[in-house]
Structure formats: structure tokens, C-alpha cells
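Participant: Coordinates in entry_1.tsv, TSV, C-alpha atoms, are listed below.
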```tsv
chain	number	residue	atom	x	y	z
D	79	MET	CA	107.26	108.36	105.23
D	80	THR	CA	109.80	108.02	102.43
D	81	ASP	CA	108.75	108.14	98.80
D	82	PRO	CA	110.29	105.25	96.82
D	83	GLN	CA	110.58	107.51	93.81
D	84	GLN	CA	112.60	110.10	95.67
D	85	VAL	CA	114.73	107.44	97.36
D	86	PHE	CA	115.75	105.93	94.03
D	87	ALA	CA	116.38	109.36	92.53
D	88	ALA	CA	118.54	110.31	95.52
D	89	LEU	CA	120.62	107.13	95.40
D	90	GLY	CA	120.89	107.27	91.60
D	91	ASP	CA	123.68	109.82	91.96
D	92	PRO	CA	127.11	108.18	92.46
D	93	THR	CA	128.32	110.76	95.00
D	94	ARG	CA	125.18	110.46	97.09
D	95	LEU	CA	125.40	106.68	96.97
D	96	LEU	CA	129.00	106.98	98.15
D	97	LEU	CA	127.95	109.29	101.00
D	98	TYR	CA	125.15	106.93	101.96
D	99	GLN	CA	127.55	103.97	102.00
D	100	ARG	CA	130.07	105.95	104.01
D	101	LEU	CA	127.47	106.88	106.65
D	102	SER	CA	126.36	103.28	106.70
D	103	ALA	CA	129.89	101.94	107.18
D	104	ALA	CA	131.39	104.56	109.48
D	105	GLY	CA	128.34	105.89	111.34
D	106	PRO	CA	127.24	109.50	111.94
D	107	ALA	CA	129.54	112.22	110.64
D	108	THR	CA	129.77	115.92	109.84
D	109	ALA	CA	130.01	117.27	106.29
D	110	THR	CA	133.63	118.22	107.00
D	111	THR	CA	134.64	114.68	108.02
D	112	LEU	CA	132.81	113.23	105.04
D	113	ALA	CA	134.49	115.65	102.63
D	114	ALA	CA	137.90	114.70	104.06
D	115	ALA	CA	137.21	111.02	103.47
D	116	LEU	CA	135.84	111.39	99.94
D	117	PRO	CA	137.09	113.04	96.75
D	118	VAL	CA	134.43	115.74	96.96
D	119	THR	CA	134.40	119.33	98.23
D	120	ARG	CA	132.67	120.11	101.50
D	121	GLN	CA	130.26	122.35	99.61
D	122	ALA	CA	129.22	119.49	97.33
D	123	VAL	CA	128.88	117.16	100.31
D	124	VAL	CA	126.50	119.60	102.04
D	125	LYS	CA	124.37	119.84	98.90
D	126	HIS	CA	124.19	116.07	98.46
D	127	LEU	CA	123.43	115.51	102.14
D	128	ALA	CA	120.52	117.95	101.80
D	129	ALA	CA	119.15	115.85	98.92
D	130	LEU	CA	119.50	112.67	101.00
D	131	ASN	CA	117.78	114.46	103.86
D	132	ASP	CA	114.91	115.56	101.57
D	133	ALA	CA	114.49	111.97	100.42
D	134	GLY	CA	114.15	110.89	104.05
D	135	LEU	CA	117.28	108.74	103.92
D	136	VAL	CA	119.44	110.79	106.25
D	137	ASP	CA	118.74	112.65	109.49
D	138	ARG	CA	120.56	115.77	110.59
D	139	SER	CA	121.05	116.89	114.17
D	140	ARG	CA	122.81	119.96	115.49
D	141	GLN	CA	125.35	119.42	118.25
D	142	GLY	CA	126.78	122.73	119.34
D	143	ARG	CA	128.22	124.34	116.23
D	144	GLU	CA	128.34	121.11	114.29
D	145	VAL	CA	125.68	119.38	112.21
D	146	HIS	CA	125.85	115.61	112.37
D	147	TYR	CA	124.37	113.42	109.66
D	148	SER	CA	123.22	109.87	110.21
D	149	LEU	CA	121.23	107.22	108.35
D	150	ARG	CA	117.54	107.18	109.10
D	151	PRO	CA	116.69	103.63	110.15
D	152	GLY	CA	114.16	101.82	108.00
D	153	ALA	CA	114.11	104.36	105.17
D	154	LEU	CA	115.35	101.99	102.51
D	155	THR	CA	113.15	99.21	103.79
D	156	GLU	CA	110.06	101.21	102.82
D	157	THR	CA	111.28	101.41	99.24
D	158	VAL	CA	111.98	97.70	99.11
D	159	HIS	CA	108.48	97.19	100.53
D	160	TRP	CA	106.97	99.25	97.70
D	161	ILE	CA	108.42	96.87	95.15
D	162	ALA	CA	107.35	93.82	97.13
D	163	ASP	CA	103.81	95.17	97.73
D	164	VAL	CA	103.15	96.16	94.13
D	165	GLY	CA	104.55	92.85	92.88
D	166	ALA	CA	102.44	90.83	95.31
D	167	GLN	CA	99.34	92.81	94.34
D	168	TRP	CA	99.77	91.87	90.67
D	169	ASP	CA	100.47	88.23	91.58
D	170	THR	CA	97.09	88.12	93.31
D	171	ARG	CA	95.33	89.99	90.51
D	172	LEU	CA	96.75	87.90	87.69
D	173	ALA	CA	95.85	84.67	89.50
D	174	ALA	CA	92.29	86.01	89.82
D	175	LEU	CA	92.26	87.06	86.15
D	176	LYS	CA	93.36	83.55	85.15
D	177	ALA	CA	90.64	82.02	87.31
D	178	ALA	CA	87.99	84.41	85.97
D	179	THR	CA	88.77	83.83	82.29
D	180	GLU	CA	89.86	80.20	82.00
D	181	GLY	CA	86.96	77.85	81.48
D	182	THR	CA	84.51	80.64	80.72
D	183	SER	CA	85.36	80.93	77.03
D	184	THR	CA	84.91	77.29	75.98
W	197	MET	CA	113.29	101.94	80.32
W	198	ASP	CA	114.59	104.92	82.22
W	199	GLY	CA	115.86	103.19	85.35
W	200	GLN	CA	112.77	103.96	87.43
W	201	PRO	CA	111.86	101.26	89.94
W	202	SER	CA	109.38	98.88	88.40
W	203	ILE	CA	107.87	95.44	88.64
W	204	GLU	CA	107.04	93.06	85.82
W	205	ARG	CA	104.79	90.01	85.87
W	206	THR	CA	103.75	87.58	83.17
W	207	VAL	CA	101.04	84.94	83.21
W	208	SER	CA	99.89	82.43	80.60
W	209	ILE	CA	96.16	82.07	80.35
W	210	GLU	CA	94.25	79.38	78.51
W	211	ALA	CA	91.48	81.62	77.33
W	212	ASP	CA	90.57	83.57	74.23
W	213	PRO	CA	92.72	86.76	74.07
W	214	GLU	CA	89.57	88.77	73.28
W	215	ALA	CA	87.86	87.59	76.45
W	216	VAL	CA	90.98	88.43	78.44
W	217	TRP	CA	91.10	91.88	76.84
W	218	ASP	CA	87.45	92.45	77.73
W	219	HIS	CA	88.33	91.69	81.34
W	220	HIS	CA	90.66	94.71	81.26
W	221	VAL	CA	88.55	97.32	79.53
W	222	ASP	CA	85.14	96.56	81.03
W	223	GLY	CA	84.88	98.01	84.52
W	224	ASP	CA	82.55	95.32	85.85
W	225	MET	CA	84.73	92.51	84.50
W	226	ALA	CA	87.95	94.18	85.67
W	227	SER	CA	86.43	94.52	89.14
W	228	LEU	CA	86.25	90.70	89.27
W	229	TRP	CA	90.03	90.42	89.50
W	230	MET	CA	91.63	93.81	90.20
W	231	GLY	CA	90.92	93.59	93.92
W	232	GLY	CA	88.53	96.51	94.07
W	233	GLU	CA	85.92	98.45	92.16
W	234	MET	CA	87.47	99.29	88.82
W	235	HIS	CA	86.33	102.04	86.52
W	236	ILE	CA	87.81	102.44	83.06
W	237	SER	CA	87.01	104.37	79.87
W	238	PRO	CA	89.00	102.48	77.24
W	239	ARG	CA	90.10	105.34	75.02
W	240	GLN	CA	93.08	107.64	75.03
W	241	GLY	CA	92.65	110.17	77.81
W	242	GLY	CA	89.80	108.13	79.32
W	243	ASP	CA	89.40	107.91	83.10
W	244	VAL	CA	90.82	105.04	85.11
W	245	GLY	CA	89.99	104.45	88.75
W	246	LEU	CA	90.30	101.68	91.30
W	247	ASP	CA	88.70	101.81	94.71
W	248	HIS	CA	90.01	99.22	97.16
W	249	GLY	CA	87.59	100.51	99.77
W	250	ASP	CA	90.50	101.74	101.90
W	251	GLY	CA	89.67	105.43	101.47
W	252	ASP	CA	92.65	106.09	99.19
W	253	PRO	CA	91.42	105.27	95.67
W	254	LEU	CA	93.64	105.29	92.59
W	255	PHE	CA	92.70	107.63	89.79
W	256	GLY	CA	94.29	108.52	86.48
W	257	ALA	CA	93.97	108.38	82.72
W	258	VAL	CA	94.60	106.10	79.77
W	259	GLU	CA	97.69	107.17	77.84
W	260	GLU	CA	97.85	104.62	75.10
W	261	ILE	CA	95.55	101.92	73.85
W	262	GLU	CA	95.68	99.42	71.02
W	263	PRO	CA	92.43	97.46	71.30
W	264	GLY	CA	92.95	93.79	71.96
W	265	ARG	CA	96.69	94.15	72.46
W	266	THR	CA	97.93	96.76	74.87
W	267	ILE	CA	96.83	99.48	77.26
W	268	THR	CA	98.86	101.96	79.30
W	269	TRP	CA	97.58	104.22	82.02
W	270	THR	CA	99.09	106.39	84.72
W	271	TRP	CA	97.40	106.70	88.08
W	272	ARG	CA	98.00	107.81	91.61
W	273	THR	CA	96.24	108.20	94.92
W	274	ALA	CA	95.91	111.33	97.02
W	275	HIS	CA	98.83	110.10	99.10
W	276	ARG	CA	101.06	108.23	96.72
W	277	GLU	CA	103.11	109.31	93.75
W	278	PRO	CA	102.01	108.29	90.24
W	279	THR	CA	102.82	104.97	88.67
W	280	GLN	CA	102.39	103.85	85.10
W	281	VAL	CA	100.79	100.51	84.29
W	282	THR	CA	101.24	98.81	80.92
W	283	ILE	CA	99.40	95.61	80.07
W	284	ASP	CA	100.24	93.58	76.97
W	285	ILE	CA	98.22	90.65	75.72
W	286	GLU	CA	99.89	88.36	73.19
W	287	PRO	CA	98.26	85.33	71.58
W	288	GLU	CA	99.97	82.10	72.68
W	289	GLY	CA	98.73	78.77	71.34
W	290	ASP	CA	94.99	78.62	72.03
W	291	GLY	CA	95.31	81.18	74.75
W	292	CYS	CA	97.38	84.21	75.51
W	293	ARG	CA	100.17	85.62	77.59
W	294	VAL	CA	99.55	88.69	79.73
W	295	THR	CA	102.45	90.91	80.78
W	296	VAL	CA	102.08	93.69	83.33
W	297	ILE	CA	104.66	96.36	84.04
W	298	GLU	CA	104.07	98.92	86.78
W	299	ARG	CA	106.68	101.57	87.34
W	300	LEU	CA	107.06	104.79	89.24
W	301	VAL	CA	106.79	107.84	87.05
W	302	GLU	CA	109.67	110.28	87.29
W	303	TYR	CA	109.31	112.43	90.34
W	304	GLN	CA	108.04	115.83	89.22
W	305	PHE	CA	107.98	117.90	92.38
W	306	LEU	CA	111.30	117.29	94.10
W	307	GLU	CA	111.34	120.78	95.59
W	308	ALA	CA	107.68	121.09	96.52
W	309	PRO	CA	106.10	119.39	99.52
W	310	PRO	CA	103.79	116.59	98.34
W	311	VAL	CA	100.78	118.15	100.10
W	312	ILE	CA	100.47	120.90	97.47
W	313	VAL	CA	100.55	118.51	94.52
W	314	LEU	CA	97.23	118.81	92.74
W	315	PRO	CA	95.16	115.79	91.76
W	316	PHE	CA	96.48	113.93	88.74
W	317	ARG	CA	94.16	115.23	86.05
W	318	ARG	CA	94.85	118.86	86.74
W	319	GLY	CA	98.32	118.57	88.24
W	320	HIS	CA	100.05	116.59	85.50
W	321	PRO	CA	98.64	117.86	82.20
W	322	HIS	CA	101.99	117.23	80.49
W	323	LEU	CA	101.63	113.51	81.22
W	324	LEU	CA	98.22	113.45	79.60
W	325	ALA	CA	99.47	115.45	76.63
W	326	ALA	CA	102.54	113.26	76.21
W	327	ALA	CA	100.64	110.23	74.94
```
Please express the file's structure as C-alpha cells.

Facilitator:
Amino acid sequence: MTDPQQVFAALGDPTRLLLYQRLSAAGPATATTLAAALPVTRQAVVKHLAALNDAGLVDRSRQGREVHYSLRPGALTETVHWIADVGAQWDTRLAALKAATEGTST
Amino acid sequence: MDGQPSIERTVSIEADPEAVWDHHVDGDMASLWMGGEMHISPRQGGDVGLDHGDGDPLFGAVEEIEPGRTITWTWRTAHREPTQVTIDIEPEGDGCRVTVIERLVEYQFLEAPPVIVLPFRRGHPHLLAAA
């Protein structure tokens, strides 16, 4: 399961957001291909991909001597769900608070 | 704000602000609307807990309190990262306006697997001391 906190922290970095968008637009890629397409060193790309992997946003798979990175399906959805769930919970609670207090203090 | 994901909700209530406040700081009254069994010690550093009956209760501590006006606590479950809840009650006409903000607290253990994170009260003493 992804942690919303970690997802937001991971995507808060401009380079990682760029990498994420690149993987989203162009599909699975190696760190070398990504570094060639972006104004970042391969070393930096590897480091940022590791952070995206830790956050559960990106999967890595070894194919021969190459490591391929791809987006993990549904990872962002969980984060969006967090916001929706917490918001909905307070909608329900505040409606109940209103019902419990209005009319009782007259 | 520090850019952490958060939600904000506001509701106008036609009831005495004091009665609305009491519904936040009295566990029995809070349990009427919080969606579970609520426990709260309304003082700085006091315990806060909410049991939805789903086996993953929220627990934490009060960080800031200004009686009648505002209360902030941070809580978490055994499986979820901490969030901070701030409730403000402002007088409005004959009633009041309640604003709730819940936000994720900055992730503290980016390099450690979540399973070794200790329970809130022992694992995040800096959060308790920060208030």
C-alpha cells in the first residue's frame, strides 16, 4: 500500500515529478534512457527513481543487465482516495454535530 | 501551511458556541457525532483516542487548546501515518462556525520501514514537545 504522505513528498521534487510524467507519457524505461531525455545526470536519475520506488509509485524489474522502471498502476489513486475519504468522514461528522447541537440549546 | 496534503471543512451551526465546544471536549458528547467511541482529555498533552470498532483505533495527544475556541491534536493508528486535526469555533450571529482542518504530518521515517515505527506517544516525543 502507498502512503499518501510519502507519495506527496516524492512528487514534491521537480525532477521526480518530471521523471514520473516521462514514465507516464513514454512508458517503461531504463535510467540511461531517462537521463538522455532529461537535463539530469544518470546518477541523479537513479537516485530519484529509488525515491519513487520507495514511495510505491514506480516498479523496477531487471531484464538481463538492464533495470526497467515503470509506473505502478493505482498508486496515485490511493493518495487521491485518502483525501476523499478523510473529507467525506468530516462531512458526515459535521452533519452529525450540527444535528446533535442544534435545537438542544434553546 | 507547509504544503502537506490536507482537507478543510466548515459548517455553520445554529447553537450556542459553548455547547458546540462541549461536544468536542467531552468524550461522551463527542462520541455522538465523531463516528466512534471518542476519548479526550482536554488539556495540552492530554490523550485523544477514537475507536471506530474496526480494530485500528486512532490515538494521539492534544497539542494546543484554547478553551471555547480552538483545539489541535495529532493522532495516528497502528497502520496509518499521523495526521493533525485543528478545530476552530467562531461565534457567528446567534450560533457559530466550525472549521476543521486535517492534514498529514511531515513524514518522519522515510528511510525506516513503517513496521518499526513505535506508537505515537513514545515514537514522536518531538511532536508532543513542539506544542

Participant: Given all atoms listed in the file as the basis, pick out the residue of D:Arg138, D:His126, D:Lys176, D:Arg171 nearest to Gly231 (chain W).

Facilitator: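 Nearest to Gly231 (chain W): D:Arg171.
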
Participant: For chain W, report every residue with an atom at most 8 Å from chain D (counting all atoms listed in the file), formatted as a PyMOL selection string.

Facilitator: chain W and resi 200-205+207+209-212+215-216+219+228-231+276-277+296+298+300-303+306

Participant: Check the smallest atom-to-atom distance from each of D:Ala153, D:Ala128, D:Arg100, D:Ser148 to Ala115 (chain D) using only C-alpha atoms, then report the winner.

Facilitator: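 Under the stated criterion, the closest residue is D:Arg100.
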
Participant: Using all atoms listed in the file, which protein or nucleic acid residues come within 6 Å of region 281-290 of chain W? Drop anything in the same chain fewer than 6 positions from it, and give the result as a PyMOL selection string.

Facilitator: chain W and resi 265-269+296-298

Participant: Could you please determine the separation between CA of Ser102 (chain D) and CA of Pro278 (chain W) in Å, to one decimal place?

Facilitator: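 For CA of Ser102 (chain D) relative to CA of Pro278 (chain W), the distance reads 29.8 Å.
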
Participant: Quick one: residues within 12 Å of region 119-122 of chain D, all atoms listed in the file counted, chain neighbours fewer than 5 positions away excluded, as a PyMOL selection string?

Facilitator: chain D and resi 93-94+97+108-114+127-129

Participant: Rounded to one decimal, what separation in Å do you get between CA of Thr279 (chain W) and CA of Phe255 (chain W)?

Facilitator: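 These atoms are spaced 10.5 Å apart.
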
Participant: Give me, please, the distance in Å between CA of His275 (chain W) and CA of Asp252 (chain W), quoted to one decimal.

Facilitator: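 Result for CA of His275 (chain W) versus CA of Asp252 (chain W): 7.4 Å, one decimal.
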
Participant: Please complete region 118-129 of chain D so it has all heavy atoms, and hand it over as a PDB file, in the coordinates of the input.

Facilitator:
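Saved file out-v4.pdb follows:
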```pdb
ATOM      1  N   VAL D 118     135.476 114.764  97.263  1.00  0.00           N
ATOM      2  CA  VAL D 118     134.430 115.740  96.960  1.00  0.00           C
ATOM      3  C   VAL D 118     134.629 116.956  97.864  1.00  0.00           C
ATOM      4  O   VAL D 118     135.097 116.802  98.995  1.00  0.00           O
ATOM      5  CB  VAL D 118     133.028 115.139  97.260  1.00  0.00           C
ATOM      6  CG1 VAL D 118     131.932 115.999  96.663  1.00  0.00           C
ATOM      7  CG2 VAL D 118     132.914 113.720  96.728  1.00  0.00           C
ATOM      8  N   THR D 119     134.273 118.137  97.379  1.00  0.00           N
ATOM      9  CA  THR D 119     134.400 119.330  98.230  1.00  0.00           C
ATOM     10  C   THR D 119     133.344 119.305  99.326  1.00  0.00           C
ATOM     11  O   THR D 119     132.295 118.664  99.186  1.00  0.00           O
ATOM     12  CB  THR D 119     134.197 120.627  97.412  1.00  0.00           C
ATOM     13  OG1 THR D 119     132.859 120.649  96.928  1.00  0.00           O
ATOM     14  CG2 THR D 119     135.180 120.698  96.244  1.00  0.00           C
ATOM     15  N   ARG D 120     133.611 120.042 100.391  1.00  0.00           N
ATOM     16  CA  ARG D 120     132.670 120.110 101.500  1.00  0.00           C
ATOM     17  C   ARG D 120     131.339 120.701 101.029  1.00  0.00           C
ATOM     18  O   ARG D 120     130.268 120.245 101.421  1.00  0.00           O
ATOM     19  CB  ARG D 120     133.261 120.963 102.626  1.00  0.00           C
ATOM     20  CG  ARG D 120     132.401 120.916 103.870  1.00  0.00           C
ATOM     21  CD  ARG D 120     132.869 121.841 104.968  1.00  0.00           C
ATOM     22  NE  ARG D 120     131.879 121.843 106.033  1.00  0.00           N
ATOM     23  CZ  ARG D 120     130.748 122.529 105.991  1.00  0.00           C
ATOM     24  NH1 ARG D 120     130.472 123.288 104.958  1.00  0.00           N
ATOM     25  NH2 ARG D 120     129.890 122.457 106.991  1.00  0.00           N
ATOM     26  N   GLN D 121     131.446 121.693 100.155  1.00  0.00           N
ATOM     27  CA  GLN D 121     130.260 122.350  99.610  1.00  0.00           C
ATOM     28  C   GLN D 121     129.344 121.344  98.887  1.00  0.00           C
ATOM     29  O   GLN D 121     128.127 121.334  99.066  1.00  0.00           O
ATOM     30  CB  GLN D 121     130.709 123.416  98.627  1.00  0.00           C
ATOM     31  CG  GLN D 121     129.792 124.604  98.537  1.00  0.00           C
ATOM     32  CD  GLN D 121     130.398 125.699  97.661  1.00  0.00           C
ATOM     33  OE1 GLN D 121     131.444 125.486  97.030  1.00  0.00           O
ATOM     34  NE2 GLN D 121     129.771 126.847  97.622  1.00  0.00           N
ATOM     35  N   ALA D 122     129.974 120.501  98.076  1.00  0.00           N
ATOM     36  CA  ALA D 122     129.220 119.490  97.330  1.00  0.00           C
ATOM     37  C   ALA D 122     128.604 118.474  98.300  1.00  0.00           C
ATOM     38  O   ALA D 122     127.461 118.040  98.127  1.00  0.00           O
ATOM     39  CB  ALA D 122     130.117 118.784  96.327  1.00  0.00           C
ATOM     40  N   VAL D 123     129.376 118.120  99.321  1.00  0.00           N
ATOM     41  CA  VAL D 123     128.880 117.160 100.310  1.00  0.00           C
ATOM     42  C   VAL D 123     127.623 117.701 101.000  1.00  0.00           C
ATOM     43  O   VAL D 123     126.619 116.992 101.140  1.00  0.00           O
ATOM     44  CB  VAL D 123     129.982 116.833 101.367  1.00  0.00           C
ATOM     45  CG1 VAL D 123     129.382 116.134 102.574  1.00  0.00           C
ATOM     46  CG2 VAL D 123     131.069 115.970 100.742  1.00  0.00           C
ATOM     47  N   VAL D 124     127.652 118.977 101.374  1.00  0.00           N
ATOM     48  CA  VAL D 124     126.500 119.600 102.040  1.00  0.00           C
ATOM     49  C   VAL D 124     125.269 119.550 101.144  1.00  0.00           C
ATOM     50  O   VAL D 124     124.158 119.205 101.577  1.00  0.00           O
ATOM     51  CB  VAL D 124     126.839 121.060 102.446  1.00  0.00           C
ATOM     52  CG1 VAL D 124     125.574 121.800 102.884  1.00  0.00           C
ATOM     53  CG2 VAL D 124     127.876 121.080 103.562  1.00  0.00           C
ATOM     54  N   LYS D 125     125.469 119.840  99.862  1.00  0.00           N
ATOM     55  CA  LYS D 125     124.370 119.840  98.900  1.00  0.00           C
ATOM     56  C   LYS D 125     123.765 118.425  98.742  1.00  0.00           C
ATOM     57  O   LYS D 125     122.554 118.233  98.774  1.00  0.00           O
ATOM     58  CB  LYS D 125     124.894 120.328  97.540  1.00  0.00           C
ATOM     59  CG  LYS D 125     123.821 120.768  96.575  1.00  0.00           C
ATOM     60  CD  LYS D 125     124.406 121.107  95.213  1.00  0.00           C
ATOM     61  CE  LYS D 125     124.549 119.850  94.397  1.00  0.00           C
ATOM     62  NZ  LYS D 125     125.236 120.029  93.107  1.00  0.00           N
ATOM     63  N   HIS D 126     124.664 117.452  98.624  1.00  0.00           N
ATOM     64  CA  HIS D 126     124.190 116.070  98.460  1.00  0.00           C
ATOM     65  C   HIS D 126     123.514 115.537  99.721  1.00  0.00           C
ATOM     66  O   HIS D 126     122.543 114.791  99.650  1.00  0.00           O
ATOM     67  CB  HIS D 126     125.357 115.160  98.054  1.00  0.00           C
ATOM     68  CG  HIS D 126     125.789 115.353  96.629  1.00  0.00           C
ATOM     69  ND1 HIS D 126     124.912 115.276  95.575  1.00  0.00           N
ATOM     70  CD2 HIS D 126     127.007 115.632  96.087  1.00  0.00           C
ATOM     71  CE1 HIS D 126     125.560 115.486  94.439  1.00  0.00           C
ATOM     72  NE2 HIS D 126     126.837 115.720  94.725  1.00  0.00           N
ATOM     73  N   LEU D 127     124.046 115.938 100.873  1.00  0.00           N
ATOM     74  CA  LEU D 127     123.430 115.510 102.140  1.00  0.00           C
ATOM     75  C   LEU D 127     122.024 116.111 102.268  1.00  0.00           C
ATOM     76  O   LEU D 127     121.108 115.455 102.784  1.00  0.00           O
ATOM     77  CB  LEU D 127     124.288 115.930 103.332  1.00  0.00           C
ATOM     78  CG  LEU D 127     125.567 115.101 103.553  1.00  0.00           C
ATOM     79  CD1 LEU D 127     126.448 115.763 104.604  1.00  0.00           C
ATOM     80  CD2 LEU D 127     125.239 113.661 103.964  1.00  0.00           C
ATOM     81  N   ALA D 128     121.847 117.326 101.764  1.00  0.00           N
ATOM     82  CA  ALA D 128     120.520 117.950 101.800  1.00  0.00           C
ATOM     83  C   ALA D 128     119.540 117.150 100.943  1.00  0.00           C
ATOM     84  O   ALA D 128     118.386 116.941 101.334  1.00  0.00           O
ATOM     85  CB  ALA D 128     120.608 119.389 101.293  1.00  0.00           C
ATOM     86  N   ALA D 129     120.008 116.666  99.790  1.00  0.00           N
ATOM     87  CA  ALA D 129     119.150 115.850  98.920  1.00  0.00           C
ATOM     88  C   ALA D 129     118.787 114.524  99.603  1.00  0.00           C
ATOM     89  O   ALA D 129     117.646 114.059  99.537  1.00  0.00           O
ATOM     90  CB  ALA D 129     119.834 115.594  97.586  1.00  0.00           C
TER      91      ALA D 129
END
```
